[in-house]
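**Q** What follows is the file final15.txt, containing compact mmCIF, C-alpha atoms and all ligand atoms:
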```txt
# COMPACT_ATOMS: atom_id res chain seq x y z
CA MET A 277 53.42 82.14 136.02
CA ILE A 278 56.02 83.58 133.69
CA LYS A 279 54.53 85.49 130.77
CA ILE A 280 55.89 84.72 127.33
CA ALA A 281 55.66 87.47 124.71
CA PRO A 282 56.67 86.45 121.18
CA SER A 283 57.95 89.40 119.18
CA VAL A 284 56.25 90.09 115.88
CA LEU A 285 59.54 91.48 114.57
CA SER A 286 60.87 87.96 114.05
CA ALA A 287 57.71 86.63 112.39
CA ASP A 288 57.25 86.24 108.64
CA LEU A 289 55.83 89.68 107.89
CA GLY A 290 54.50 88.43 104.56
CA ALA A 291 52.34 85.95 106.44
CA LEU A 292 51.94 87.82 109.69
CA VAL A 293 48.36 86.91 110.54
CA LYS A 294 49.17 83.24 110.08
CA ASP A 295 52.27 83.57 112.23
CA ILE A 296 50.28 85.27 114.99
CA GLU A 297 47.68 82.49 114.85
CA LYS A 298 50.47 80.03 115.54
CA VAL A 299 51.02 81.58 118.99
CA GLU A 300 47.44 82.76 119.66
CA ASN A 301 46.61 80.10 122.27
CA THR A 302 50.09 79.53 123.66
CA ALA A 303 51.56 82.99 124.19
CA ASP A 304 50.51 85.35 126.99
CA TRP A 305 51.32 88.61 125.25
CA LEU A 306 52.15 89.63 121.68
CA HIS A 307 55.16 91.97 121.61
CA TRP A 308 55.21 94.80 119.04
CA ASP A 309 58.54 96.51 118.38
CA ILE A 310 57.77 100.00 117.12
CA MET A 311 60.85 101.69 115.61
CA ASP A 312 61.18 105.13 114.10
CA GLY A 313 64.63 105.28 112.45
CA HIS A 314 65.72 107.90 115.03
CA PHE A 315 65.89 106.30 118.43
CA VAL A 316 66.98 103.09 116.71
CA ASP A 317 68.38 102.44 113.28
CA ASN A 318 65.38 100.58 111.91
CA LEU A 319 61.77 101.14 110.86
CA THR A 320 58.83 98.91 111.63
CA PHE A 321 55.13 99.33 112.34
CA GLY A 322 52.82 102.34 112.62
CA PRO A 323 49.55 102.62 114.54
CA GLN A 324 47.40 101.85 111.50
CA PHE A 325 49.21 98.57 111.03
CA VAL A 326 48.72 97.57 114.67
CA SER A 327 45.07 98.59 114.47
CA ASN A 328 44.46 96.35 111.45
CA ILE A 329 46.05 93.35 113.13
CA ARG A 330 44.11 94.11 116.35
CA LYS A 331 41.01 92.83 114.56
CA LYS A 332 42.70 89.49 113.87
CA SER A 333 43.96 88.55 117.33
CA LYS A 334 42.66 88.41 120.90
CA LEU A 335 46.13 88.37 122.39
CA PHE A 336 47.25 91.05 124.85
CA PHE A 337 49.11 93.62 122.71
CA ASP A 338 52.39 94.60 124.38
CA VAL A 339 53.57 97.67 122.46
CA HIS A 340 57.24 98.58 122.89
CA LEU A 341 57.88 102.09 121.58
CA MET A 342 61.49 102.53 120.47
CA ILE A 343 60.81 106.03 119.22
CA ALA A 344 62.24 109.46 119.93
CA ASN A 345 58.85 111.21 120.44
CA PRO A 346 56.60 108.87 122.38
CA ASP A 347 54.29 111.70 123.47
CA ARG A 348 53.38 112.26 119.81
CA PHE A 349 52.39 108.67 119.13
CA ILE A 350 51.10 107.29 122.44
CA PRO A 351 47.48 108.44 121.79
CA LYS A 352 47.58 106.80 118.35
CA PHE A 353 48.75 103.45 119.73
CA ILE A 354 46.11 103.63 122.48
CA GLU A 355 43.52 104.09 119.75
CA ALA A 356 45.07 101.24 117.76
CA GLY A 357 44.19 98.84 120.57
CA ALA A 358 47.35 98.44 122.65
CA ASP A 359 46.84 96.75 126.03
CA LEU A 360 50.24 97.87 127.34
CA ILE A 361 52.43 100.70 126.09
CA THR A 362 56.07 100.84 127.10
CA PHE A 363 58.23 103.84 126.24
CA HIS A 364 61.95 104.41 126.79
CA ALA A 365 63.26 106.36 129.76
CA GLU A 366 66.19 107.62 127.62
CA VAL A 367 64.02 109.85 125.43
CA VAL A 368 62.22 111.97 128.02
CA ASP A 369 63.30 114.21 130.90
CA ASN A 370 60.12 113.70 132.86
CA LEU A 371 58.49 110.27 132.68
CA ARG A 372 55.25 111.31 134.38
CA PRO A 373 53.26 113.00 131.55
CA ASN A 374 53.42 109.89 129.34
CA ILE A 375 52.69 107.60 132.27
CA GLN A 376 49.61 109.67 133.06
CA THR A 377 48.37 109.73 129.45
CA ILE A 378 48.65 105.97 129.16
CA LYS A 379 47.08 105.27 132.55
CA ALA A 380 44.22 107.68 131.95
CA SER A 381 43.23 105.64 128.92
CA GLY A 382 42.76 102.57 131.12
CA ILE A 383 45.57 100.42 129.70
CA LYS A 384 48.83 99.32 131.32
CA VAL A 385 52.01 101.37 131.25
CA GLY A 386 55.64 100.35 131.13
CA VAL A 387 59.03 102.06 131.05
CA ALA A 388 61.99 100.52 129.21
CA ILE A 389 65.71 101.00 129.82
CA ASN A 390 68.59 100.16 127.51
CA PRO A 391 71.55 98.04 128.66
CA PRO A 392 73.74 101.02 129.72
CA THR A 393 70.91 102.94 131.45
CA PRO A 394 70.95 102.68 135.26
CA LEU A 395 67.88 101.90 137.34
CA ASP A 396 68.09 105.37 138.95
CA LYS A 397 66.34 106.70 135.86
CA ILE A 398 63.12 104.97 136.86
CA TYR A 399 63.31 104.65 140.68
CA SER A 400 60.92 107.50 141.35
CA VAL A 401 58.09 106.10 139.20
CA LEU A 402 58.16 102.42 140.15
CA GLU A 403 55.01 102.83 142.26
CA GLU A 404 53.15 104.34 139.31
CA ILE A 405 53.79 101.84 136.52
CA ASP A 406 52.83 98.26 135.69
CA VAL A 407 55.91 97.04 133.82
CA VAL A 408 59.65 97.68 133.72
CA LEU A 409 61.20 96.44 130.51
CA ILE A 410 64.90 95.73 130.83
CA MET A 411 66.68 95.52 127.49
CA THR A 412 69.33 92.82 127.28
CA VAL A 413 70.41 93.83 123.75
CA ASN A 414 70.86 97.27 122.27
CA PRO A 415 67.47 97.93 120.66
CA GLY A 416 66.91 97.88 116.92
CA PHE A 417 67.08 94.31 115.70
CA SER A 418 66.09 90.82 116.67
CA GLY A 419 68.55 87.95 116.69
CA GLN A 420 71.30 89.70 118.66
CA GLY A 421 73.35 88.16 121.45
CA PHE A 422 72.24 88.57 125.07
CA ILE A 423 74.28 91.10 127.07
CA TYR A 424 75.16 89.28 130.29
CA GLU A 425 76.36 92.48 132.01
CA VAL A 426 72.69 93.42 132.47
CA LEU A 427 72.01 90.49 134.83
CA PRO A 428 72.89 92.37 138.08
CA LYS A 429 70.41 95.10 137.11
CA ILE A 430 67.62 92.51 136.85
CA GLU A 431 68.57 91.12 140.23
CA GLU A 432 68.66 94.58 141.79
CA LEU A 433 65.24 95.54 140.43
CA SER A 434 63.77 92.28 141.62
CA LYS A 435 65.04 92.99 145.13
CA ILE A 436 63.47 96.44 145.08
CA ILE A 437 60.16 94.96 143.91
CA THR A 438 60.19 92.57 146.87
CA GLN A 439 61.34 95.20 149.38
CA ARG A 440 58.76 97.76 148.35
CA ASN A 441 56.11 95.09 147.75
CA LEU A 442 55.45 96.43 144.25
CA LYS A 443 52.99 94.94 141.81
CA LEU A 444 55.34 95.25 138.90
CA GLU A 445 56.01 92.99 135.96
CA LEU A 446 59.76 92.64 135.27
CA GLU A 447 59.96 92.08 131.53
CA VAL A 448 63.24 91.19 129.82
CA ASP A 449 63.76 91.77 126.10
CA GLY A 450 66.58 90.66 123.80
CA GLY A 451 68.54 87.49 123.17
CA ILE A 452 66.19 85.21 125.11
CA ASN A 453 66.72 81.48 124.59
CA LEU A 454 66.47 78.51 126.97
CA ASP A 455 69.74 79.37 128.74
CA THR A 456 69.24 83.12 129.09
CA ALA A 457 65.56 82.63 130.05
CA TYR A 458 66.75 80.49 132.94
CA GLU A 459 69.32 83.11 134.00
CA VAL A 460 66.85 86.01 134.01
CA VAL A 461 63.96 84.17 135.66
CA LYS A 462 66.36 82.97 138.35
CA ARG A 463 67.06 86.65 139.02
CA GLY A 464 63.41 87.68 139.16
CA ALA A 465 62.15 88.26 135.60
CA THR A 466 58.41 87.64 135.28
CA ALA A 467 57.85 88.27 131.55
CA LEU A 468 60.06 87.25 128.64
CA VAL A 469 60.07 88.71 125.14
CA ALA A 470 61.32 86.19 122.62
CA GLY A 471 61.66 86.94 118.92
CA SER A 472 64.01 84.70 117.01
CA PHE A 473 63.84 81.90 119.59
CA VAL A 474 60.10 81.58 118.97
CA TYR A 475 59.83 82.30 115.26
CA GLN A 476 63.08 80.81 113.99
CA ASN A 477 62.77 77.68 116.07
CA GLN A 478 63.00 74.34 114.28
CA GLN A 479 60.31 72.91 116.56
CA GLY A 480 57.94 75.71 115.56
CA PRO A 481 56.63 78.67 117.62
CA LYS A 482 54.25 76.70 119.88
CA GLU A 483 56.84 74.19 120.93
CA ALA A 484 59.39 77.00 121.42
CA ILE A 485 57.04 78.75 123.86
CA ARG A 486 56.35 75.49 125.68
CA SER A 487 60.07 74.81 126.02
CA LEU A 488 60.62 78.28 127.52
CA ARG A 489 57.87 77.59 130.06
CA LYS A 490 59.31 74.21 130.91
CA ARG A 491 62.84 75.57 131.33
CA THR A 492 61.70 78.34 133.71
CA LYS A 493 58.94 76.52 135.59
CA LYS A 494 60.88 75.18 138.57
CA ILE A 495 62.45 78.53 139.36
CA ASP A 496 59.23 80.54 138.94
CA ASN A 497 57.76 81.18 142.39
CA SER A 498 54.72 83.15 141.29
C1 LIG A 501 65.00 94.59 119.93
C2 LIG A 501 63.55 94.34 120.23
C3 LIG A 501 63.25 92.96 120.68
C4 LIG A 501 63.51 91.90 119.64
C5 LIG A 501 63.80 90.62 120.35
O1 LIG A 501 65.17 95.91 119.57
O2 LIG A 501 63.11 95.22 121.25
O3 LIG A 501 61.91 92.85 121.14
O4 LIG A 501 62.44 91.70 118.78
O5 LIG A 501 64.30 89.69 119.44
P1 LIG A 501 65.24 88.49 119.90
O6 LIG A 501 64.45 87.69 120.92
O7 LIG A 501 65.52 87.74 118.65
O8 LIG A 501 66.46 89.12 120.53
ZN ZN A 502 61.01 94.81 122.14
```
For this file, write the structure as structure tokens.
**A**
Amino acid sequence: MIKIAPSVLSADLGALVKDIEKVENTADWLHWDIMDGHFVDNLTFGPQFVSNIRKKSKLFFDVHLMIANPDRFIPKFIEAGADLITFHAEVVDNLRPNIQTIKASGIKVGVAINPPTPLDKIYSVLEEIDVVLIMTVNPGFSGQGFIYEVLPKIEELSKIITQRNLKLELEVDGGINLDTAYEVVKRGATALVAGSFVYQNQQGPKEAIRSLRKRTKKIDNS
């Protein structure tokens, strides 16, 4: 079944706990966009913040680090209660030390790539990670338009996953709505991050998640 991960970034931050409760029983994961003002031009949540909210939700915390120094903060987000930590391939020369730190703590590990970054960057570690996060917008803000040029990359990764028989979640992040969800799941995506579609939806977050499931159900073979 396709996993749906609403992004906290699009929620009402003044009423965050309430907004998380709205998706508590419908979402699979809760997506946290951690931004440092260096790797991306925006600032969001620190480990203390995530730790405080951890006490208010049982959801699987999917922590997406859009930061220039992941090695510095990974231990803090592990301590904060992350269930999955994903860091960007663009910010490190060697992916392995961070992968090992995260895995050693017993939680899941993911590597993210921006729209222009080729899959070559992560080929050698695909056997060692749980999630590949493919960005379909340039990171930094929610509510941006989906970059269709990334679709072949999703298809290519999905083929590799099948060929190598990998147990890997293919997560897509940015510009997801009913149409783009269909396009990415058709090409092999197994987890969808959705910010504005879920939290700025006239039908409300629950119904938005349900509609994403409905739209992708027939093409989901898992
Ligand atoms: C973008 C973030 C996304 C964002 C998605 O930098 O990584 O997770 O919150 O928001 P939407 O779904 O509105 O594009
Ligand atoms: Zn994200």
**Q** Which residues come within 9 Å of Val426 (chain A), counting all atoms listed in the file, excluding same-chain residues fewer than 2 positions away, as a VMD selection string?
**A** chain A and resid 391 to 392 410 to 412 422 to 424 428 to 430
**Q** Kindly give the distance, in Å, that separates CA of Lys494 (chain A) and CA of Tyr458 (chain A), rounded to a single decimal.
**A** 9.7 Å
**Q** Residues at most 10 Å from ligand LIG 501 (chain A), using only C-alpha atoms and all ligand atoms? Could they come as number ranges by chain?
**A** A: 281-287, 307-311, 316-318, 339-342, 388, 390, 409-422, 448-453, 468-476
**Q** Using all atoms listed in the file, pick whichever of A:Ile343, A:Val461, A:Ala380, A:Leu444 has the shortest atom-to-atom distance to ligand ZN 502 (chain A).
**A**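 Counting all atoms listed in the file, the residue closest to ligand ZN 502 (chain A) is A:Ile343.
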**Q** Tell me, in Å to one decimal, how far CA of Ala457 (chain A) is from CA of Leu335 (chain A).
**A**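 Computing the Euclidean distance for CA of Ala457 (chain A) and CA of Leu335 (chain A) yields 21.7 Å.
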**Q** What separation in Å, quoted to one decimal, exists between CA of Ala467 (chain A) and CA of Ile278 (chain A)?
**A** 5.5 Å
**Q** Show me, as a list in words, the residues that have an atom within 12 Å of Val293 (chain A) when counting all atoms listed in the file, minus same-chain residues fewer than 6 positions from it.
**A**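 The residues that qualify are Val284, Ala287, Val299, Glu300, Phe325, Val326, Asn328, Ile329, Arg330, Lys331, Lys332, Ser333 and Lys334 of chain A.
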**Q** Identify, on the basis of only C-alpha atoms, every residue whose closest approach to Gly382 (chain A) does not exceed 10 Å; exclude the query and any residue fewer than 4 positions from it along the same chain; express the result as a list in words.
**A**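 So the residues in contact are Ile354, Asp359, Leu360, Thr377 and Ile378 of chain A.
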**Q** Taking only C-alpha atoms into account, which of A:Phe321, A:Glu404, A:Glu431, A:Pro351 comes nearest Leu289 (chain A)?
**A** A:Phe321
**Q** For ligand ZN 502 (chain A), which residue among A:Pro394, A:Gly290, A:Gly386, A:Gly464 is the nearest when counting all atoms listed in the file?
**A** A:Gly386
**Q** In terms of the shortest atom-to-atom distance over all atoms listed in the file, which of A:Arg348, A:Lys462, A:Lys435, A:His364 is closest to ligand ZN 502 (chain A)?
**A**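 Closest to ligand ZN 502 (chain A) of all the choices is A:His364.
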**Q** A:Ala303, A:Ala291, A:Ile350, A:Ala356: which is nearest Ala484 (chain A), counting only C-alpha atoms?
**A**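 Checking each of A:Ala303, A:Ala291, A:Ile350, A:Ala356 against Ala484 (chain A), counting only C-alpha atoms, the winner is A:Ala303.
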**Q** My list of candidates is A:Thr362, A:Gln324, A:Thr302, A:Asn477. Which is closest to ligand ZN 502 (chain A) when distances are computed with all atoms listed in the file?
**A**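 Result for the nearest residue to ligand ZN 502 (chain A): A:Thr362.
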**Q** Could region 393-404 of chain A be written out with all heavy atoms, as a PDB file, in the first residue's frame, please?
**A**
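As written to disk, result-v4.pdb reads:
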```pdb
ATOM      1  N   THR A 393      20.046  16.332  -9.400  1.00  0.00           N
ATOM      2  CA  THR A 393      21.063  15.339  -8.988  1.00  0.00           C
ATOM      3  C   THR A 393      20.772  13.974  -9.605  1.00  0.00           C
ATOM      4  O   THR A 393      19.672  13.442  -9.457  1.00  0.00           O
ATOM      5  CB  THR A 393      21.094  15.229  -7.446  1.00  0.00           C
ATOM      6  OG1 THR A 393      21.295  16.534  -6.911  1.00  0.00           O
ATOM      7  CG2 THR A 393      22.197  14.297  -6.968  1.00  0.00           C
ATOM      8  N   PRO A 394      21.781  13.395 -10.283  1.00  0.00           N
ATOM      9  CA  PRO A 394      21.553  12.083 -10.914  1.00  0.00           C
ATOM     10  C   PRO A 394      21.558  10.941  -9.906  1.00  0.00           C
ATOM     11  O   PRO A 394      22.117  11.061  -8.813  1.00  0.00           O
ATOM     12  CB  PRO A 394      22.735  11.958 -11.890  1.00  0.00           C
ATOM     13  CG  PRO A 394      23.801  12.821 -11.309  1.00  0.00           C
ATOM     14  CD  PRO A 394      23.128  13.924 -10.548  1.00  0.00           C
ATOM     15  N   LEU A 395      20.978   9.825 -10.319  1.00  0.00           N
ATOM     16  CA  LEU A 395      20.913   8.650  -9.443  1.00  0.00           C
ATOM     17  C   LEU A 395      22.292   8.059  -9.138  1.00  0.00           C
ATOM     18  O   LEU A 395      22.459   7.373  -8.129  1.00  0.00           O
ATOM     19  CB  LEU A 395      20.049   7.563 -10.100  1.00  0.00           C
ATOM     20  CG  LEU A 395      18.538   7.760 -10.059  1.00  0.00           C
ATOM     21  CD1 LEU A 395      17.856   6.695 -10.900  1.00  0.00           C
ATOM     22  CD2 LEU A 395      18.009   7.727  -8.631  1.00  0.00           C
ATOM     23  N   ASP A 396      23.269   8.343 -10.004  1.00  0.00           N
ATOM     24  CA  ASP A 396      24.636   7.806  -9.781  1.00  0.00           C
ATOM     25  C   ASP A 396      25.136   8.106  -8.373  1.00  0.00           C
ATOM     26  O   ASP A 396      25.891   7.352  -7.788  1.00  0.00           O
ATOM     27  CB  ASP A 396      25.698   8.451 -10.687  1.00  0.00           C
ATOM     28  CG  ASP A 396      25.258   8.680 -12.085  1.00  0.00           C
ATOM     29  OD1 ASP A 396      24.046   8.542 -12.347  1.00  0.00           O
ATOM     30  OD2 ASP A 396      26.115   9.001 -12.906  1.00  0.00           O
ATOM     31  N   LYS A 397      24.722   9.251  -7.863  1.00  0.00           N
ATOM     32  CA  LYS A 397      25.161   9.707  -6.542  1.00  0.00           C
ATOM     33  C   LYS A 397      24.850   8.698  -5.443  1.00  0.00           C
ATOM     34  O   LYS A 397      25.477   8.684  -4.388  1.00  0.00           O
ATOM     35  CB  LYS A 397      24.418  11.016  -6.212  1.00  0.00           C
ATOM     36  CG  LYS A 397      25.220  12.257  -6.448  1.00  0.00           C
ATOM     37  CD  LYS A 397      26.173  12.437  -5.289  1.00  0.00           C
ATOM     38  CE  LYS A 397      26.602  13.839  -5.028  1.00  0.00           C
ATOM     39  NZ  LYS A 397      27.701  13.911  -4.075  1.00  0.00           N
ATOM     40  N   ILE A 398      23.813   7.890  -5.667  1.00  0.00           N
ATOM     41  CA  ILE A 398      23.365   7.006  -4.587  1.00  0.00           C
ATOM     42  C   ILE A 398      23.415   5.514  -4.944  1.00  0.00           C
ATOM     43  O   ILE A 398      23.104   4.664  -4.117  1.00  0.00           O
ATOM     44  CB  ILE A 398      21.927   7.368  -4.124  1.00  0.00           C
ATOM     45  CG1 ILE A 398      20.943   7.370  -5.299  1.00  0.00           C
ATOM     46  CG2 ILE A 398      21.912   8.725  -3.443  1.00  0.00           C
ATOM     47  CD1 ILE A 398      19.487   7.421  -4.860  1.00  0.00           C
ATOM     48  N   TYR A 399      23.808   5.215  -6.197  1.00  0.00           N
ATOM     49  CA  TYR A 399      23.819   3.816  -6.661  1.00  0.00           C
ATOM     50  C   TYR A 399      24.497   2.870  -5.688  1.00  0.00           C
ATOM     51  O   TYR A 399      23.994   1.802  -5.383  1.00  0.00           O
ATOM     52  CB  TYR A 399      24.557   3.709  -8.000  1.00  0.00           C
ATOM     53  CG  TYR A 399      23.675   3.917  -9.196  1.00  0.00           C
ATOM     54  CD1 TYR A 399      24.165   4.512 -10.362  1.00  0.00           C
ATOM     55  CD2 TYR A 399      22.339   3.520  -9.168  1.00  0.00           C
ATOM     56  CE1 TYR A 399      23.348   4.719 -11.459  1.00  0.00           C
ATOM     57  CE2 TYR A 399      21.518   3.727 -10.261  1.00  0.00           C
ATOM     58  CZ  TYR A 399      22.033   4.318 -11.401  1.00  0.00           C
ATOM     59  OH  TYR A 399      21.218   4.527 -12.478  1.00  0.00           O
ATOM     60  N   SER A 400      25.680   3.294  -5.202  1.00  0.00           N
ATOM     61  CA  SER A 400      26.504   2.369  -4.426  1.00  0.00           C
ATOM     62  C   SER A 400      25.949   2.075  -3.031  1.00  0.00           C
ATOM     63  O   SER A 400      26.426   1.159  -2.366  1.00  0.00           O
ATOM     64  CB  SER A 400      27.922   2.932  -4.310  1.00  0.00           C
ATOM     65  OG  SER A 400      27.860   4.126  -3.582  1.00  0.00           O
ATOM     66  N   VAL A 401      24.959   2.840  -2.584  1.00  0.00           N
ATOM     67  CA  VAL A 401      24.454   2.588  -1.219  1.00  0.00           C
ATOM     68  C   VAL A 401      23.022   2.043  -1.197  1.00  0.00           C
ATOM     69  O   VAL A 401      22.441   1.866  -0.127  1.00  0.00           O
ATOM     70  CB  VAL A 401      24.531   3.864  -0.325  1.00  0.00           C
ATOM     71  CG1 VAL A 401      25.975   4.317  -0.149  1.00  0.00           C
ATOM     72  CG2 VAL A 401      23.658   4.991  -0.863  1.00  0.00           C
ATOM     73  N   LEU A 402      22.468   1.774  -2.361  1.00  0.00           N
ATOM     74  CA  LEU A 402      21.054   1.366  -2.406  1.00  0.00           C
ATOM     75  C   LEU A 402      20.758   0.118  -1.560  1.00  0.00           C
ATOM     76  O   LEU A 402      19.667  -0.025  -1.012  1.00  0.00           O
ATOM     77  CB  LEU A 402      20.597   1.125  -3.848  1.00  0.00           C
ATOM     78  CG  LEU A 402      20.514   2.376  -4.737  1.00  0.00           C
ATOM     79  CD1 LEU A 402      20.071   2.008  -6.146  1.00  0.00           C
ATOM     80  CD2 LEU A 402      19.562   3.418  -4.140  1.00  0.00           C
ATOM     81  N   GLU A 403      21.750  -0.763  -1.453  1.00  0.00           N
ATOM     82  CA  GLU A 403      21.570  -1.988  -0.659  1.00  0.00           C
ATOM     83  C   GLU A 403      21.574  -1.696   0.842  1.00  0.00           C
ATOM     84  O   GLU A 403      21.172  -2.531   1.629  1.00  0.00           O
ATOM     85  CB  GLU A 403      22.695  -2.997  -0.965  1.00  0.00           C
ATOM     86  CG  GLU A 403      22.343  -4.015  -2.039  1.00  0.00           C
ATOM     87  CD  GLU A 403      22.595  -3.504  -3.443  1.00  0.00           C
ATOM     88  OE1 GLU A 403      23.166  -2.396  -3.570  1.00  0.00           O
ATOM     89  OE2 GLU A 403      22.215  -4.195  -4.405  1.00  0.00           O
ATOM     90  N   GLU A 404      22.068  -0.512   1.214  1.00  0.00           N
ATOM     91  CA  GLU A 404      22.289  -0.235   2.644  1.00  0.00           C
ATOM     92  C   GLU A 404      21.237   0.676   3.273  1.00  0.00           C
ATOM     93  O   GLU A 404      21.283   0.959   4.459  1.00  0.00           O
ATOM     94  CB  GLU A 404      23.671   0.425   2.817  1.00  0.00           C
ATOM     95  CG  GLU A 404      24.801  -0.469   2.362  1.00  0.00           C
ATOM     96  CD  GLU A 404      26.065   0.322   2.054  1.00  0.00           C
ATOM     97  OE1 GLU A 404      26.437   1.192   2.856  1.00  0.00           O
ATOM     98  OE2 GLU A 404      26.674   0.069   0.996  1.00  0.00           O
TER      99      GLU A 404
END
```
